[in-house]
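> Sending over my_file_21.txt (compact mmCIF, C-alpha atoms).
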```txt
# COMPACT_ATOMS: atom_id res chain seq x y z
CA MET I 27 0.00 0.00 0.00
CA LYS I 28 1.34 3.43 -0.95
CA ARG I 29 1.78 6.11 1.65
CA LEU I 30 0.23 9.55 1.24
CA GLU I 31 3.65 11.22 0.79
CA ASP I 32 4.49 8.75 -2.00
CA ILE I 33 1.22 9.52 -3.78
CA GLU I 34 1.89 13.27 -3.48
CA ARG I 35 5.27 12.80 -5.16
CA LEU I 36 3.71 11.10 -8.19
CA SER I 37 3.43 13.02 -11.45
CA ALA I 38 0.20 13.46 -13.42
CA LEU I 39 1.35 10.82 -15.93
CA ASP I 40 2.02 8.31 -13.19
CA LEU I 41 -1.41 9.01 -11.68
CA ASP I 42 -3.03 8.48 -15.12
CA ARG I 43 -1.17 5.23 -15.53
CA ILE I 44 -2.25 3.97 -12.10
CA ALA I 45 -5.87 4.99 -12.75
CA SER I 46 -5.96 3.06 -16.02
CA ASP I 47 -4.50 -0.03 -14.34
CA GLU I 48 -7.45 -2.37 -14.28
CA SER I 49 -5.62 -4.95 -12.16
CA ILE I 50 -6.35 -2.87 -9.06
CA LYS I 51 -9.85 -3.64 -7.79
CA VAL I 52 -12.06 -0.77 -6.62
CA PRO I 53 -14.07 -1.72 -3.50
CA ALA I 54 -17.74 -2.16 -4.37
CA THR I 55 -18.93 -0.12 -1.37
CA LEU I 56 -16.62 2.86 -2.04
CA LYS I 57 -19.34 5.01 -3.64
CA ARG I 58 -21.78 4.30 -0.80
CA ASP I 59 -19.05 4.91 1.85
CA ILE I 60 -18.19 8.28 0.29
CA ALA I 61 -21.91 9.26 0.22
CA ILE I 62 -22.34 8.23 3.90
CA THR I 63 -19.23 10.17 4.97
CA ALA I 64 -20.39 13.27 3.04
CA ARG I 65 -23.86 13.04 4.63
CA ALA I 66 -22.35 12.60 8.11
CA LEU I 67 -20.13 15.65 7.59
CA GLU I 68 -23.11 17.67 6.38
CA MET I 69 -25.19 16.67 9.41
CA ALA I 70 -22.34 17.41 11.80
CA SER I 71 -21.84 20.93 10.40
CA LYS I 72 -25.63 21.58 10.56
CA GLU I 73 -25.76 20.49 14.21
CA GLU I 74 -22.85 22.76 15.02
CA GLU I 75 -24.64 25.72 13.39
CA GLU I 76 -27.81 24.99 15.36
CA THR I 77 -25.86 24.88 18.62
CA VAL I 78 -24.36 28.30 17.86
CA VAL I 79 -27.81 29.70 16.97
CA GLU I 80 -29.29 28.31 20.18
CA ALA I 81 -26.46 29.70 22.30
CA LYS I 82 -26.92 33.24 20.95
CA PRO I 83 -30.26 34.03 22.68
CA ALA I 84 -28.88 32.88 26.06
CA THR I 85 -25.90 35.21 25.70
CA ARG I 86 -28.18 38.03 24.59
CA THR I 87 -30.45 37.55 27.62
CA ARG I 88 -27.46 37.62 29.92
CA TYR I 89 -26.18 40.82 28.31
CA ARG I 90 -29.63 42.37 28.59
CA LYS I 91 -29.82 41.43 32.27
CA ILE I 92 -26.39 42.95 32.94
CA LEU I 93 -27.34 46.04 30.95
CA ARG I 94 -30.56 46.39 32.93
CA MET I 95 -28.69 45.89 36.21
CA ILE I 96 -26.23 48.63 35.29
CA SER I 97 -28.78 51.01 33.79
CA TYR I 98 -30.84 51.52 36.99
CA PRO I 99 -27.97 52.62 39.25
CA ALA I 100 -26.52 54.64 36.36
CA ALA I 101 -29.83 56.47 35.91
CA ALA I 102 -30.06 57.08 39.67
CA ILE I 103 -26.52 58.46 39.75
CA ALA I 104 -27.29 60.68 36.76
CA VAL I 105 -30.42 62.11 38.42
CA ILE I 106 -28.61 62.74 41.73
CA THR I 107 -25.68 64.37 39.91
CA ILE I 108 -28.03 66.65 37.96
CA GLY I 109 -29.88 67.51 41.17
CA LEU I 110 -26.69 68.26 43.09
CA ASN I 111 -25.32 70.25 40.15
CA LEU I 112 -28.44 72.37 40.02
CA SER I 113 -28.17 72.89 43.75
CA PHE I 114 -24.48 73.87 43.64
CA HIS I 115 -25.14 76.34 40.87
CA ASP I 116 -27.60 77.98 43.25
CA ALA I 117 -24.73 79.54 45.24
CA PRO I 118 -25.64 82.53 47.40
CA GLN I 119 -24.41 85.99 46.49
CA ASP I 120 -21.66 87.63 48.50
CA THR I 121 -23.09 90.04 51.06
CA PHE I 122 -20.11 92.38 50.71
CA GLU I 123 -18.49 93.67 47.58
CA ASP I 124 -15.67 95.36 49.46
CA PRO I 125 -13.12 92.95 51.01
CA MET I 126 -12.42 95.51 53.77
CA LEU I 127 -16.05 95.35 54.93
CA ALA I 128 -15.99 91.56 54.74
CA TYR I 129 -12.79 91.59 56.80
CA VAL I 130 -14.38 93.78 59.47
CA GLN I 131 -17.43 91.50 59.54
CA MET I 132 -15.17 88.47 59.89
CA GLU I 133 -13.31 90.03 62.81
CA GLN I 134 -16.60 90.90 64.50
CA VAL I 135 -17.77 87.31 64.05
CA LEU I 136 -14.57 85.92 65.52
CA GLY I 137 -14.86 88.42 68.37
CA PHE I 138 -18.46 87.26 68.96
CA ILE I 139 -17.35 83.61 68.98
CA SER I 140 -14.52 84.33 71.41
CA GLU I 141 -16.83 86.40 73.63
CA LYS I 142 -19.23 83.45 73.93
CA MET I 143 -16.38 81.02 74.50
CA ASN I 144 -14.91 83.35 77.07
CA ALA I 145 -18.21 83.43 78.95
CA GLY I 146 -18.14 79.63 79.00
CA MET I 147 -14.55 79.59 80.22
CA ASP I 148 -15.45 82.09 82.99
CA ILE I 149 -18.23 79.77 84.20
CA ALA I 150 -15.84 76.81 84.06
CA ASN I 151 -13.14 78.75 85.92
CA ALA I 152 -15.61 79.80 88.61
CA ALA I 153 -16.59 76.18 89.09
CA GLU I 154 -12.98 75.00 89.31
CA PRO I 155 -12.41 75.75 93.06
CA VAL I 156 -15.69 73.98 93.93
CA LEU I 157 -14.62 71.01 91.79
CA GLU I 158 -11.19 70.90 93.44
CA LYS I 159 -12.80 71.05 96.88
CA THR I 160 -15.09 68.16 95.97
CA ILE I 161 -12.21 66.09 94.60
CA ASN I 162 -10.18 66.74 97.76
CA ALA I 163 -13.14 65.77 99.95
CA LEU I 164 -13.53 62.54 98.00
CA LYS I 165 -9.81 61.76 98.43
CA MET Y 2 -42.87 54.24 32.68
CA LYS Y 3 -44.94 55.38 35.64
CA ARG Y 4 -42.53 53.63 37.98
CA ILE Y 5 -39.55 55.33 36.36
CA THR Y 6 -41.20 58.76 36.66
CA LEU Y 7 -41.93 58.13 40.35
CA LEU Y 8 -38.38 56.95 40.92
CA VAL Y 9 -36.91 60.04 39.23
CA ALA Y 10 -39.22 62.31 41.27
CA ALA Y 11 -38.25 60.52 44.49
CA LEU Y 12 -34.56 60.85 43.68
CA PHE Y 13 -34.97 64.58 42.96
CA MET Y 14 -36.78 65.04 46.27
CA LEU Y 15 -34.07 63.08 48.06
CA THR Y 16 -31.37 65.24 46.47
CA ALA Y 17 -33.24 68.43 47.34
CA ASN Y 18 -33.65 67.16 50.89
CA ILE Y 19 -29.95 66.38 51.17
CA CYS Y 20 -29.10 69.88 49.92
CA ALA Y 21 -31.54 71.58 52.29
CA GLN Y 22 -29.88 69.90 55.21
CA ASP Y 23 -26.44 71.42 54.83
CA SER Y 24 -25.30 74.87 55.88
CA LYS Y 25 -25.73 76.31 52.38
CA GLY Y 26 -29.19 74.79 52.05
CA ILE Y 27 -30.25 76.28 55.39
CA TYR Y 28 -28.80 79.66 54.40
CA ASN Y 29 -30.59 79.61 51.04
CA LYS Y 30 -33.85 78.66 52.74
CA TYR Y 31 -33.87 81.55 55.22
CA SER Y 32 -31.62 84.29 53.82
CA ASP Y 33 -34.45 85.94 51.87
CA ASN Y 34 -36.79 85.99 54.88
CA ASP Y 35 -37.57 89.53 56.04
CA GLU Y 36 -37.20 88.52 59.69
CA VAL Y 37 -33.67 87.23 59.14
CA SER Y 38 -30.35 89.05 58.84
CA ALA Y 39 -28.03 87.04 56.62
CA VAL Y 40 -24.36 87.33 55.78
CA TYR Y 41 -22.49 85.20 53.26
CA ILE Y 42 -18.80 85.45 52.45
CA SER Y 43 -17.54 83.31 49.56
CA ALA Y 44 -14.17 81.67 48.97
CA ALA Y 45 -13.37 84.33 46.33
CA MET Y 46 -13.99 87.10 48.87
CA PHE Y 47 -11.84 85.30 51.44
CA LYS Y 48 -9.02 85.29 48.87
CA LEU Y 49 -9.41 89.05 48.41
CA MET Y 50 -9.56 89.49 52.19
CA GLY Y 51 -6.23 87.67 52.47
CA LYS Y 52 -4.63 90.70 50.81
CA VAL Y 53 -6.05 93.14 53.36
CA PRO Y 54 -3.45 94.17 55.98
CA ASN Y 55 -4.17 93.81 59.71
CA MET Y 56 -6.63 96.36 60.95
CA ASP Y 57 -7.53 97.71 64.34
CA VAL Y 58 -11.07 96.72 65.09
CA GLY Y 59 -12.80 97.32 68.40
CA ASN Y 60 -10.39 96.74 71.26
CA GLY Y 61 -7.34 95.61 69.35
CA SER Y 62 -5.63 94.24 66.28
CA MET Y 63 -6.19 90.70 65.10
CA ASN Y 64 -4.39 88.64 62.47
CA ILE Y 65 -7.06 86.49 60.95
CA GLY Y 66 -5.05 85.82 57.78
CA ALA Y 67 -4.01 82.31 58.84
CA ILE Y 68 -7.64 81.30 59.14
CA ILE Y 69 -9.28 83.14 56.27
CA LYS Y 70 -6.85 81.90 53.63
CA ASN Y 71 -8.17 78.39 54.24
CA LEU Y 72 -11.85 79.25 54.47
CA ASP Y 73 -14.29 78.26 51.71
CA CYS Y 74 -17.27 80.23 52.95
CA MET Y 75 -19.05 81.68 55.95
CA TYR Y 76 -22.80 81.77 56.55
CA ILE Y 77 -24.51 83.79 59.25
CA LEU Y 78 -28.21 83.81 60.01
CA ASP Y 79 -29.57 86.00 62.77
CA CYS Y 80 -33.26 86.07 63.60
CA ASP Y 81 -35.39 87.73 66.28
CA ASP Y 82 -38.74 86.26 65.19
CA PRO Y 83 -39.79 83.35 67.46
CA ASP Y 84 -41.48 81.27 64.72
CA VAL Y 85 -38.73 81.65 62.14
CA SER Y 86 -36.11 81.11 64.86
CA ALA Y 87 -37.78 77.85 65.83
CA ASN Y 88 -37.76 76.69 62.18
CA ILE Y 89 -34.08 77.55 61.71
CA LYS Y 90 -33.25 75.82 64.99
CA SER Y 91 -35.07 72.69 63.89
CA ASP Y 92 -33.26 72.59 60.53
CA VAL Y 93 -29.89 73.22 62.17
CA ASN Y 94 -30.49 70.45 64.71
CA LYS Y 95 -31.28 68.05 61.86
CA TYR Y 96 -28.12 69.12 60.07
CA ILE Y 97 -25.99 68.74 63.21
CA SER Y 98 -27.39 65.32 64.06
CA LYS Y 99 -27.03 64.07 60.50
CA TYR Y 100 -23.33 64.87 60.10
CA LYS Y 101 -20.44 63.89 62.34
CA PHE Y 102 -20.26 67.02 64.44
CA GLU Y 103 -18.54 67.08 67.77
CA LEU Y 104 -19.92 69.32 70.48
CA LEU Y 105 -16.95 71.42 71.47
CA MET Y 106 -18.65 73.60 74.05
CA GLU Y 107 -22.09 74.35 75.45
CA ILE Y 108 -22.69 77.47 77.47
CA LYS Y 109 -25.98 78.15 79.23
CA ASP Y 110 -26.02 81.65 80.55
CA ARG Y 111 -29.04 83.80 81.50
CA GLY Y 112 -31.50 82.01 79.28
CA GLU Y 113 -29.13 81.85 76.32
CA VAL Y 114 -27.79 78.51 75.09
CA VAL Y 115 -24.63 78.68 73.02
CA ARG Y 116 -23.34 75.55 71.35
CA ILE Y 117 -20.11 75.21 69.39
CA TYR Y 118 -19.65 72.23 67.11
CA THR Y 119 -16.73 71.20 64.94
CA ALA Y 120 -16.30 68.52 62.30
CA GLY Y 121 -13.06 67.20 60.90
CA SER Y 122 -10.09 65.31 62.23
CA GLU Y 123 -7.83 65.65 65.26
CA LYS Y 124 -5.66 68.27 63.54
CA THR Y 125 -8.01 69.95 61.10
CA VAL Y 126 -11.46 71.44 61.30
CA THR Y 127 -13.54 71.26 58.13
CA GLN Y 128 -16.68 72.80 59.60
CA PHE Y 129 -17.21 75.08 62.54
CA VAL Y 130 -20.78 75.75 63.64
CA MET Y 131 -21.89 78.02 66.43
CA THR Y 132 -25.49 78.44 67.48
CA ALA Y 133 -26.80 80.92 70.02
CA ALA Y 134 -30.41 80.34 71.02
CA GLU Y 135 -32.51 82.60 73.21
CA ALA Y 136 -36.24 82.41 73.97
CA ASP Y 137 -37.25 84.05 70.66
CA ALA Y 138 -33.97 84.67 68.89
CA TYR Y 139 -31.52 82.45 67.11
CA THR Y 140 -28.07 83.01 65.61
CA LEU Y 141 -26.22 80.57 63.38
CA ILE Y 142 -22.59 80.96 62.34
CA CYS Y 143 -21.06 78.41 59.95
CA LEU Y 144 -17.46 78.40 58.81
CA ASP Y 145 -16.57 75.92 56.07
CA GLY Y 146 -13.02 75.19 54.96
CA THR Y 147 -9.92 73.38 56.05
CA MET Y 148 -8.65 75.11 59.14
CA SER Y 149 -5.88 73.95 61.39
CA ARG Y 150 -7.38 73.24 64.81
CA ALA Y 151 -4.32 74.82 66.43
CA ASP Y 152 -4.68 78.00 64.30
CA LEU Y 153 -8.36 78.28 65.15
CA GLU Y 154 -7.77 77.87 68.88
CA LYS Y 155 -4.86 80.32 68.79
CA MET Y 156 -6.90 82.91 66.95
CA ILE Y 157 -9.87 82.61 69.28
CA ALA Y 158 -7.54 82.88 72.28
CA LYS Y 159 -5.98 86.00 70.73
CA ALA Y 160 -9.42 87.49 70.14
CA THR Y 161 -10.27 86.80 73.77
CA GLN Y 162 -7.09 88.59 74.94
CA ASP Y 163 -7.81 91.58 72.72
CA MET Y 164 -11.27 91.89 74.13
CA GLU Y 165 -10.09 91.95 77.75
```
As structure tokens - that is how I would like this structure written.


Amino acid sequence: MKRLEDIERLSALDLDRIASDESIKVPATLKRDIAITARALEMASKEEEETVVEAKPATRTRYRKILRMISYPAAAIAVITIGLNLSFHDAPQDTFEDPMLAYVQMEQVLGFISEKMNAGMDIANAAEPVLEKTINALK
Amino acid sequence: MKRITLLVAALFMLTANICAQDSKGIYNKYSDNDEVSAVYISAAMFKLMGKVPNMDVGNGSMNIGAIIKNLDCMYILDCDDPDVSANIKSDVNKYISKYKFELLMEIKDRGEVVRIYTAGSEKTVTQFVMTAAEADAYTLICLDGTMSRADLEKMIAKATQDME
């Protein structure tokens, strides 16, 4: 029996000569075997195509689900961002146009804060001797 | 579609609610009220103020430059109307309880309750809120920015000395 490489090396003349050699018997079932193989190949390729077609809707559904899952939070974020943006654009107007006046106001505010804190510290300082006395009595 | 519309409306309301519960939201809500005196100083104005030299105000001179250069804004609301005062107080209390404010000091003196709150870290103060509530009057002072706690304390101590 010839190997495939040997057959490939043969020239067209050699192949013609071999084909016309009637001493070599052709199997009787060759034609039927070829037809069966061709049919099997055809069926196999069809089945493969069907599998791909069936798989597509599943993938699509998954993508749609993911898309839907993402779209809701994305829409919520978009609405909140728009809302916050609108709110931030609604910035109040400066009360003072002159920085000197703003500075004076700022100093008055800090003075007011310190005055209130000072009042608190005075109360705390007045209570300190009483607290010390109580701590000493407890000792 | 109806559900989506409701959801969008709810989200807008939520956003509006969130905004109304910060210092700017409270300021915006009450600053136009006739019974309220309102003062707002923006970050841009603070930058301009940084160029102003020290001035003598009241009992002495104060260097507030260290603080104001880091301030983003200041809101003041002052009201003598009992009803409006109660509303501002309620909104401020909601705002204070919602965010991580620390009560720095509470002074109760002759019917007036002064509370000082700060928010931020151990070294920096990002928000300073002072409220002074009387029977029918209310004052709110909010300072927003990134202030060094040490600078703030130093400046308040200096202001106290100048006033003595």

> Can you work out which one of I:Asp148, I:Asp120, I:Asp59, I:Asp32 has the shortest atom-to-atom distance to Y:Ser43, counting all atoms listed in the file?

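Checking each candidate against Y:Ser43, we get I:Asp120 as the closest.
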
> Could you work out which residues of chain I fall inside 12 Å of chain Y? Count all atoms listed in the file, and format the result as a PyMOL selection string.

chain I and resi 97-99+101-150

> Quick one: pull the distance between atom CA of I:Glu31 and atom CA of I:Thr55, Å, one decimal.

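Taking atom CA of I:Glu31 as the start and atom CA of I:Thr55 as the end point, the length is 25.4 Å.
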
> Would you compute the distance between atom CA of I:Asp47 and atom CA of I:Ala61? Give it in Å to one decimal.

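So the two atoms, atom CA of I:Asp47 and atom CA of I:Ala61, lie 24.5 Å apart.
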
> Provide the atom CA of Y:Asp33 to atom CA of Y:Asn71 distance in Å, to one decimal place.

27.4 Å

> With N, CA and C atoms as the target, complete stretch 80-91 of chain Y and hand it back as a CSV table (one decimal), in the coordinates of the input.


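Below is the file out.csv, written as the result:
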```
chain,number,residue,atom,x,y,z
Y,80,CYS,N,-31.8,85.8,63.7
Y,80,CYS,CA,-33.3,86.1,63.6
Y,80,CYS,C,-33.8,86.4,65.0
Y,81,ASP,N,-34.7,87.3,65.0
Y,81,ASP,CA,-35.4,87.7,66.3
Y,81,ASP,C,-36.9,87.3,66.3
Y,82,ASP,N,-37.3,86.7,65.2
Y,82,ASP,CA,-38.7,86.3,65.2
Y,82,ASP,C,-38.8,84.9,65.8
Y,83,PRO,N,-39.7,84.7,66.8
Y,83,PRO,CA,-39.8,83.4,67.5
Y,83,PRO,C,-40.1,82.2,66.5
Y,84,ASP,N,-41.1,82.4,65.6
Y,84,ASP,CA,-41.5,81.3,64.7
Y,84,ASP,C,-40.4,80.9,63.7
Y,85,VAL,N,-39.8,81.9,63.1
Y,85,VAL,CA,-38.7,81.6,62.1
Y,85,VAL,C,-37.5,81.1,62.9
Y,86,SER,N,-37.2,81.6,64.1
Y,86,SER,CA,-36.1,81.1,64.9
Y,86,SER,C,-36.3,79.6,65.2
Y,87,ALA,N,-37.5,79.3,65.5
Y,87,ALA,CA,-37.8,77.8,65.8
Y,87,ALA,C,-37.6,77.0,64.6
Y,88,ASN,N,-38.0,77.5,63.4
Y,88,ASN,CA,-37.8,76.7,62.2
Y,88,ASN,C,-36.3,76.5,61.9
Y,89,ILE,N,-35.5,77.6,62.0
Y,89,ILE,CA,-34.1,77.6,61.7
Y,89,ILE,C,-33.4,76.6,62.7
Y,90,LYS,N,-33.8,76.7,63.9
Y,90,LYS,CA,-33.2,75.8,65.0
Y,90,LYS,C,-33.5,74.3,64.7
Y,91,SER,N,-34.7,74.1,64.2
Y,91,SER,CA,-35.1,72.7,63.9
Y,91,SER,C,-34.2,72.2,62.7
```
